[in-house]
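In what follows, a structure is listed as structure tokens, so that the remarks can point back to it.
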Amino acid sequence: MILFPAIDLKDGECVRLVHGDMTQATVFNNDPAAQARTFEAMGFEYLHLVDLNGAFAGRSVNGEVVRAIRDAVSLPIQLGGGIRDRAGIDEWLDLGMTRVILGTAALRNPDLVKEAARNHPDRIAVGIDAKGGHVAVEGWAETAEIDAITLAKKFQDAGVAAIIYTDIDRDGVLAGLNMDATLALARAVSIPVIASGGLASMADIELLLQPEARILLGAISGRALYDGRLDAGEALAAIRAAREAA
């Protein structure tokens, strides 16, 4: 199980939103590269970056900051937000992103996702964000009729590296992970699933380390890390202990 610390970028700063609402942004660091170095020093293995402005604009907006983060740490990075065409995918992978995350593109242009996964094995992730059970796109501004499992199954044999499943109703409000929905998705497809949205405390880490959750690739943590509700050292130690015991 990998615990991914989240760096969400808005106007060049590291923020957390409530339910994906750009008007409800709390700034936690005005130097995202420094935040990335802090996470690396804490012992995290992988960074999760989202260009929030890009998710709404449909193109990368915080590119300069993303490049600064890439230069600041040696950790692998997965990046999402506004990457919706082949040029954007290729550019970010060439610039050193380990994986790019395609969300809106997965719904609007699934053939692009499949083509990218063929051309970049193990480097394309699909972001599936759900609100009330339905997939949300365009920076969570629009909700589609399709449900998360149906969308995920479209990529079953496409070579996608991971699905990042976010429960929007829990995102940014420390309500706890939606383990039922996340595990249902993970059981429905063979693609590794990463849980996101609501991780609040060590109680969530303990749930992720239960036998039934071993099918998950990992989970993303944001606000709980920033406001101290989740102690990074304690969480990472528990994960290491579970690995050693496996």
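Residues in the structure tokens are numbered from 1 in each chain, the chains being A, B, ... in the order shown, and ligands are numbered from 1 in the order shown.
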Report the closest atom pair, with its distance in Å rounded to one decimal, for each residue of region 46-65 of chain A that has an atom no farther than 12 Å from region 122-133 of chain A; count only C-alpha atoms, sort by chain and then rising residue number, and write it as a Markdown table.
| residue | atom | partner | partner_atom | distance |
| --- | --- | --- | --- | --- |
| A:His48 | CA | A:Ala125 | CA | 11.6 |
| A:Val50 | CA | A:Gly127 | CA | 10.9 |
| A:Ala55 | CA | A:Gly127 | CA | 11.6 |
Would you pick out the contacts of Asp180 (chain A) at 12 Å or less, using only C-alpha atoms, so that residues sharing its chain but fewer than 4 positions from it are not included, and give the list as a PDB file with N, CA and C atoms, in the first residue's frame?
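Wrote result18.pdb, looks like this:
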ATOM      1  N   GLY A 133     -22.391   9.014  -6.815  1.00  0.00           N
ATOM      2  CA  GLY A 133     -22.300   7.785  -7.593  1.00  0.00           C
ATOM      3  C   GLY A 133     -22.048   7.986  -9.067  1.00  0.00           C
ATOM      4  N   TYR A 165      -9.716   6.757  -7.723  1.00  0.00           N
ATOM      5  CA  TYR A 165     -11.147   6.933  -7.473  1.00  0.00           C
ATOM      6  C   TYR A 165     -11.347   7.928  -6.339  1.00  0.00           C
ATOM      7  N   ASP A 167     -14.078  10.209  -4.136  1.00  0.00           N
ATOM      8  CA  ASP A 167     -15.438  10.503  -3.724  1.00  0.00           C
ATOM      9  C   ASP A 167     -15.501  12.001  -3.443  1.00  0.00           C
ATOM     10  N   GLY A 176     -13.621  10.726   6.070  1.00  0.00           N
ATOM     11  CA  GLY A 176     -13.230   9.326   5.994  1.00  0.00           C
ATOM     12  C   GLY A 176     -13.403   8.800   4.582  1.00  0.00           C
ATOM     13  N   ALA A 184     -15.671  -1.818  -3.982  1.00  0.00           N
ATOM     14  CA  ALA A 184     -16.566  -2.351  -5.017  1.00  0.00           C
ATOM     15  C   ALA A 184     -15.971  -2.115  -6.396  1.00  0.00           C
ATOM     16  N   LEU A 185     -15.393  -0.938  -6.607  1.00  0.00           N
ATOM     17  CA  LEU A 185     -14.735  -0.637  -7.878  1.00  0.00           C
ATOM     18  C   LEU A 185     -13.526  -1.542  -8.078  1.00  0.00           C
ATOM     19  N   ALA A 186     -12.725  -1.697  -7.045  1.00  0.00           N
ATOM     20  CA  ALA A 186     -11.517  -2.518  -7.156  1.00  0.00           C
ATOM     21  C   ALA A 186     -11.843  -3.977  -7.458  1.00  0.00           C
ATOM     22  N   ARG A 187     -12.954  -4.452  -6.940  1.00  0.00           N
ATOM     23  CA  ARG A 187     -13.351  -5.840  -7.208  1.00  0.00           C
ATOM     24  C   ARG A 187     -13.917  -6.016  -8.612  1.00  0.00           C
ATOM     25  N   ALA A 195      -7.395   4.897  -3.659  1.00  0.00           N
ATOM     26  CA  ALA A 195      -8.510   5.564  -2.992  1.00  0.00           C
ATOM     27  C   ALA A 195      -8.181   7.033  -2.752  1.00  0.00           C
ATOM     28  N   LEU A 207      -7.933   0.932   8.239  1.00  0.00           N
ATOM     29  CA  LEU A 207      -8.868   0.281   7.317  1.00  0.00           C
ATOM     30  C   LEU A 207      -8.170  -0.160   6.038  1.00  0.00           C
ATOM     31  N   LEU A 208      -7.267   0.697   5.543  1.00  0.00           N
ATOM     32  CA  LEU A 208      -6.543   0.375   4.312  1.00  0.00           C
ATOM     33  C   LEU A 208      -5.602  -0.815   4.482  1.00  0.00           C
ATOM     34  N   GLU A 212      -9.075  -7.189   3.519  1.00  0.00           N
ATOM     35  CA  GLU A 212      -9.967  -6.973   2.374  1.00  0.00           C
ATOM     36  C   GLU A 212      -9.544  -5.782   1.512  1.00  0.00           C
ATOM     37  N   ALA A 213      -8.702  -4.899   2.078  1.00  0.00           N
ATOM     38  CA  ALA A 213      -8.261  -3.715   1.337  1.00  0.00           C
ATOM     39  C   ALA A 213      -6.929  -3.927   0.630  1.00  0.00           C
TER      40      ALA A 213
END
- From a DSSP pass on the backbone, collect the residues of region 23-245 of chain A flagged as strand (DSSP E or B) and hand them back as a ChimeraX atom specification. /A:23-29,47-51,77-80,99-102,124-131,134-137,142-147,162-167,193-196,216-221
Write to file, as a CSV table (one decimal), in the first residue's frame, the residues of the selection just made, with C-alpha atoms.
chain,number,residue,atom,x,y,z
A,23,THR,CA,-14.0,29.4,-4.1
A,24,GLN,CA,-13.3,27.3,-0.9
A,25,ALA,CA,-9.5,27.0,-1.1
A,26,THR,CA,-7.2,27.0,1.9
A,27,VAL,CA,-3.6,27.9,1.1
A,28,PHE,CA,-1.2,25.6,3.0
A,29,ASN,CA,2.1,26.6,1.3
A,47,LEU,CA,3.8,12.4,-5.0
A,48,HIS,CA,0.3,13.1,-6.3
A,49,LEU,CA,0.0,16.5,-8.1
A,50,VAL,CA,-3.1,18.1,-9.5
A,51,ASP,CA,-3.2,21.3,-11.5
A,77,ILE,CA,5.2,11.9,-9.5
A,78,GLN,CA,1.7,11.3,-10.9
A,79,LEU,CA,0.2,14.5,-12.4
A,80,GLY,CA,-3.4,15.3,-13.3
A,99,ARG,CA,2.4,8.9,-14.7
A,100,VAL,CA,-0.2,11.3,-16.1
A,101,ILE,CA,-3.8,11.1,-14.9
A,102,LEU,CA,-6.6,11.4,-17.4
A,124,ILE,CA,-1.2,6.3,-17.8
A,125,ALA,CA,-3.7,6.5,-14.9
A,126,VAL,CA,-7.4,7.2,-15.2
A,127,GLY,CA,-9.0,9.6,-12.7
A,128,ILE,CA,-12.6,8.7,-11.9
A,129,ASP,CA,-14.2,11.3,-9.7
A,130,ALA,CA,-17.7,10.5,-8.4
A,131,LYS,CA,-20.4,12.7,-7.0
A,134,HIS,CA,-22.0,9.5,-11.0
A,135,VAL,CA,-18.8,10.5,-12.7
A,136,ALA,CA,-17.9,14.2,-12.6
A,137,VAL,CA,-15.7,16.0,-15.1
A,142,GLU,CA,-20.2,18.7,-14.7
A,143,THR,CA,-21.8,15.4,-13.7
A,144,ALA,CA,-22.4,12.6,-16.3
A,145,GLU,CA,-25.0,9.9,-16.3
A,146,ILE,CA,-22.4,7.1,-16.3
A,147,ASP,CA,-21.3,5.5,-13.0
A,162,ALA,CA,-4.1,2.6,-12.1
A,163,ILE,CA,-7.5,4.1,-11.5
A,164,ILE,CA,-7.7,7.0,-9.0
A,165,TYR,CA,-11.1,6.9,-7.5
A,166,THR,CA,-12.2,10.1,-5.7
A,167,ASP,CA,-15.4,10.5,-3.7
A,193,VAL,CA,-7.2,1.2,-7.7
A,194,ILE,CA,-6.1,4.2,-5.6
A,195,ALA,CA,-8.5,5.6,-3.0
A,196,SER,CA,-9.0,9.3,-2.7
A,216,LEU,CA,-6.0,-1.5,-3.4
A,217,LEU,CA,-2.7,0.0,-4.7
A,218,GLY,CA,-2.9,2.8,-2.2
A,219,ALA,CA,-4.6,6.0,-1.1
A,220,ILE,CA,-4.2,9.8,-1.4
A,221,SER,CA,-4.0,12.1,1.6
Practice task
Give me the residues within 12 Å of Ala87 (chain A) as a ChimeraX atom specification, counting only C-alpha atoms and dropping any in the same chain fewer than 6 places off.
Solution key: /A:59-60,93-94,112,116
Would you kindly return, as a VMD selection string, each protein, DNA or RNA residue with an atom no farther than 12 Å from any atom of Arg243 (chain A), considering only C-alpha atoms and excluding same-chain residues fewer than 3 positions away?
chain A and resid 1 to 2 209 to 211 214 236 to 240 246
Check your understanding: At what distance in Å, to one decimal, does CA of Gln156 (chain A) lie from CA of Arg108 (chain A)?
Key ->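 Straight-line distance from CA of Arg108 (chain A) to CA of Gln156 (chain A) works out to 16.9 Å.
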Nearby residues (only C-alpha atoms) at most 9 Å from Val61 (chain A), same-chain spacing under 5 positions excluded, as number ranges by chain: A: 10-12, 51-55, 81-82
Using the selection just defined, write its residues with C-alpha atoms as an mmCIF file, in the first residue's frame.
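The file below, again-v2.cif, is the result:
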data_model
loop_
_atom_site.group_PDB
_atom_site.id
_atom_site.type_symbol
_atom_site.label_atom_id
_atom_site.label_comp_id
_atom_site.auth_asym_id
_atom_site.auth_seq_id
_atom_site.Cartn_x
_atom_site.Cartn_y
_atom_site.Cartn_z
ATOM 1 C CA LYS A 10 -4.148 26.782 -7.574
ATOM 2 C CA ASP A 11 -2.633 30.037 -8.789
ATOM 3 C CA GLY A 12 0.847 28.706 -8.107
ATOM 4 C CA ASP A 51 -3.241 21.319 -11.520
ATOM 5 C CA LEU A 52 -6.603 22.599 -10.315
ATOM 6 C CA ASN A 53 -6.632 25.614 -12.619
ATOM 7 C CA GLY A 54 -5.807 23.270 -15.470
ATOM 8 C CA ALA A 55 -8.718 20.964 -14.630
ATOM 9 C CA GLY A 81 -5.449 18.350 -14.260
ATOM 10 C CA GLY A 82 -6.064 19.681 -17.748
#
With only C-alpha atoms as the counted atoms, please give the residues lying no more than 10 Å from Tyr226 (chain A), apart from itself and same-chain residues fewer than 5 positions off, as an MDAnalysis selection string. chainID A and resid 5:6 15:16 28:29 35 221 231:232
Given the selection you just returned, output its residues as a file containing N, CA and C atoms, formatted as an mmCIF file, in the first residue's frame.
data_model
loop_
_atom_site.group_PDB
_atom_site.id
_atom_site.type_symbol
_atom_site.label_atom_id
_atom_site.label_comp_id
_atom_site.auth_asym_id
_atom_site.auth_seq_id
_atom_site.Cartn_x
_atom_site.Cartn_y
_atom_site.Cartn_z
ATOM 1 N N PRO A 5 0.989 11.621 -0.781
ATOM 2 C CA PRO A 5 0.631 12.970 -0.322
ATOM 3 C C PRO A 5 0.232 13.820 -1.520
ATOM 4 N N ALA A 6 -0.842 14.595 -1.354
ATOM 5 C CA ALA A 6 -1.373 15.376 -2.470
ATOM 6 C C ALA A 6 -0.862 16.814 -2.427
ATOM 7 N N VAL A 15 -2.815 24.218 -2.232
ATOM 8 C CA VAL A 15 -4.079 24.465 -1.548
ATOM 9 C C VAL A 15 -4.835 23.166 -1.329
ATOM 10 N N ARG A 16 -5.895 23.264 -0.546
ATOM 11 C CA ARG A 16 -6.885 22.197 -0.450
ATOM 12 C C ARG A 16 -8.245 22.831 -0.635
ATOM 13 N N PHE A 28 -2.046 26.245 1.948
ATOM 14 C CA PHE A 28 -1.208 25.628 2.969
ATOM 15 C C PHE A 28 0.270 25.914 2.755
ATOM 16 N N ASN A 29 0.650 26.260 1.537
ATOM 17 C CA ASN A 29 2.059 26.587 1.281
ATOM 18 C C ASN A 29 2.120 27.386 -0.016
ATOM 19 N N GLN A 35 7.151 22.311 -0.366
ATOM 20 C CA GLN A 35 6.249 21.304 0.206
ATOM 21 C C GLN A 35 6.606 19.911 -0.297
ATOM 22 N N SER A 221 -3.695 11.270 0.458
ATOM 23 C CA SER A 221 -4.041 12.084 1.617
ATOM 24 C C SER A 221 -3.680 13.535 1.351
ATOM 25 N N ASP A 231 -0.598 11.908 11.306
ATOM 26 C CA ASP A 231 0.839 11.999 11.524
ATOM 27 C C ASP A 231 1.549 11.158 10.472
ATOM 28 N N ALA A 232 2.350 11.811 9.633
ATOM 29 C CA ALA A 232 3.000 11.115 8.519
ATOM 30 C C ALA A 232 3.895 9.990 9.010
#
- DSSP-assigned alpha helix (DSSP H) members of region 57-177 of chain A, reported as a PyMOL selection string: chain A and resi 57+63-72+86-94+104-108+110-119+148-153
Selection export as a compact mmCIF listing (two decimals), in the first residue's frame, atoms kept: C-alpha atoms:
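File again07.txt, as written:
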# COMPACT_ATOMS: atom_id res chain seq x y z
CA ALA A 57 -9.29 25.44 -18.11
CA GLY A 63 3.21 24.12 -15.56
CA GLU A 64 6.05 26.24 -14.23
CA VAL A 65 5.30 25.14 -10.66
CA VAL A 66 5.02 21.50 -11.71
CA ARG A 67 8.46 21.74 -13.34
CA ALA A 68 9.87 23.28 -10.16
CA ILE A 69 8.49 20.38 -8.13
CA ARG A 70 9.95 17.88 -10.60
CA ASP A 71 13.37 19.54 -10.22
CA ALA A 72 13.09 19.71 -6.43
CA ARG A 86 -1.76 13.50 -26.93
CA ALA A 87 0.61 16.48 -26.99
CA GLY A 88 0.01 17.20 -23.31
CA ILE A 89 0.44 13.56 -22.35
CA ASP A 90 3.71 13.23 -24.25
CA GLU A 91 5.05 16.55 -22.99
CA TRP A 92 4.58 15.77 -19.32
CA LEU A 93 5.94 12.25 -19.60
CA ASP A 94 8.97 13.60 -21.46
CA THR A 104 -12.20 14.29 -18.30
CA ALA A 105 -10.43 12.71 -21.29
CA ALA A 106 -11.36 9.25 -19.99
CA LEU A 107 -15.04 10.11 -20.34
CA ARG A 108 -14.93 12.35 -23.40
CA PRO A 110 -11.62 6.99 -24.15
CA ASP A 111 -9.77 6.11 -27.36
CA LEU A 112 -7.13 8.70 -26.45
CA VAL A 113 -6.61 7.00 -23.10
CA LYS A 114 -6.28 3.58 -24.71
CA GLU A 115 -3.85 4.87 -27.34
CA ALA A 116 -1.75 6.60 -24.69
CA ALA A 117 -1.69 3.46 -22.53
CA ARG A 118 -0.48 1.41 -25.50
CA ASN A 119 2.26 3.91 -26.28
CA ALA A 148 -17.72 4.85 -11.88
CA ILE A 149 -17.69 1.08 -12.42
CA THR A 150 -19.14 1.30 -15.91
CA LEU A 151 -16.51 3.87 -16.90
CA ALA A 152 -13.70 1.86 -15.33
CA LYS A 153 -14.66 -1.26 -17.26
*Long-range neighbours of Arg37 (chain A) as a PyMOL selection string, 10 Å cut-off, only C-alpha atoms, 2 positions minimum in chain*: chain A and resi 32-35+39-42+69+72-75
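CA of Ala241 (chain A) sits 14.2 Å away from CA of Gly43 (chain A).
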Check your understanding: What is the distance between CA of Ala200 (chain A) and CA of Ala175 (chain A), in Å to one decimal?
Key ->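 The value is 6.5 Å.
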Discussion item. Using only C-alpha atoms for the distances, tell me which of A:Ser190, A:Arg84, A:Ala36, A:Tyr46 is nearest to Gly58 (chain A).
Written reply: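 Closest to Gly58 (chain A) of all the choices is A:Arg84.
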Discussion item. Under the rule that only C-alpha atoms are counted, which of A:Pro121, A:Gly103, A:Gly228, A:Gly222 is the nearest residue to Phe56 (chain A)?
Written reply: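 Counting only C-alpha atoms, the residue closest to Phe56 (chain A) is A:Gly103.
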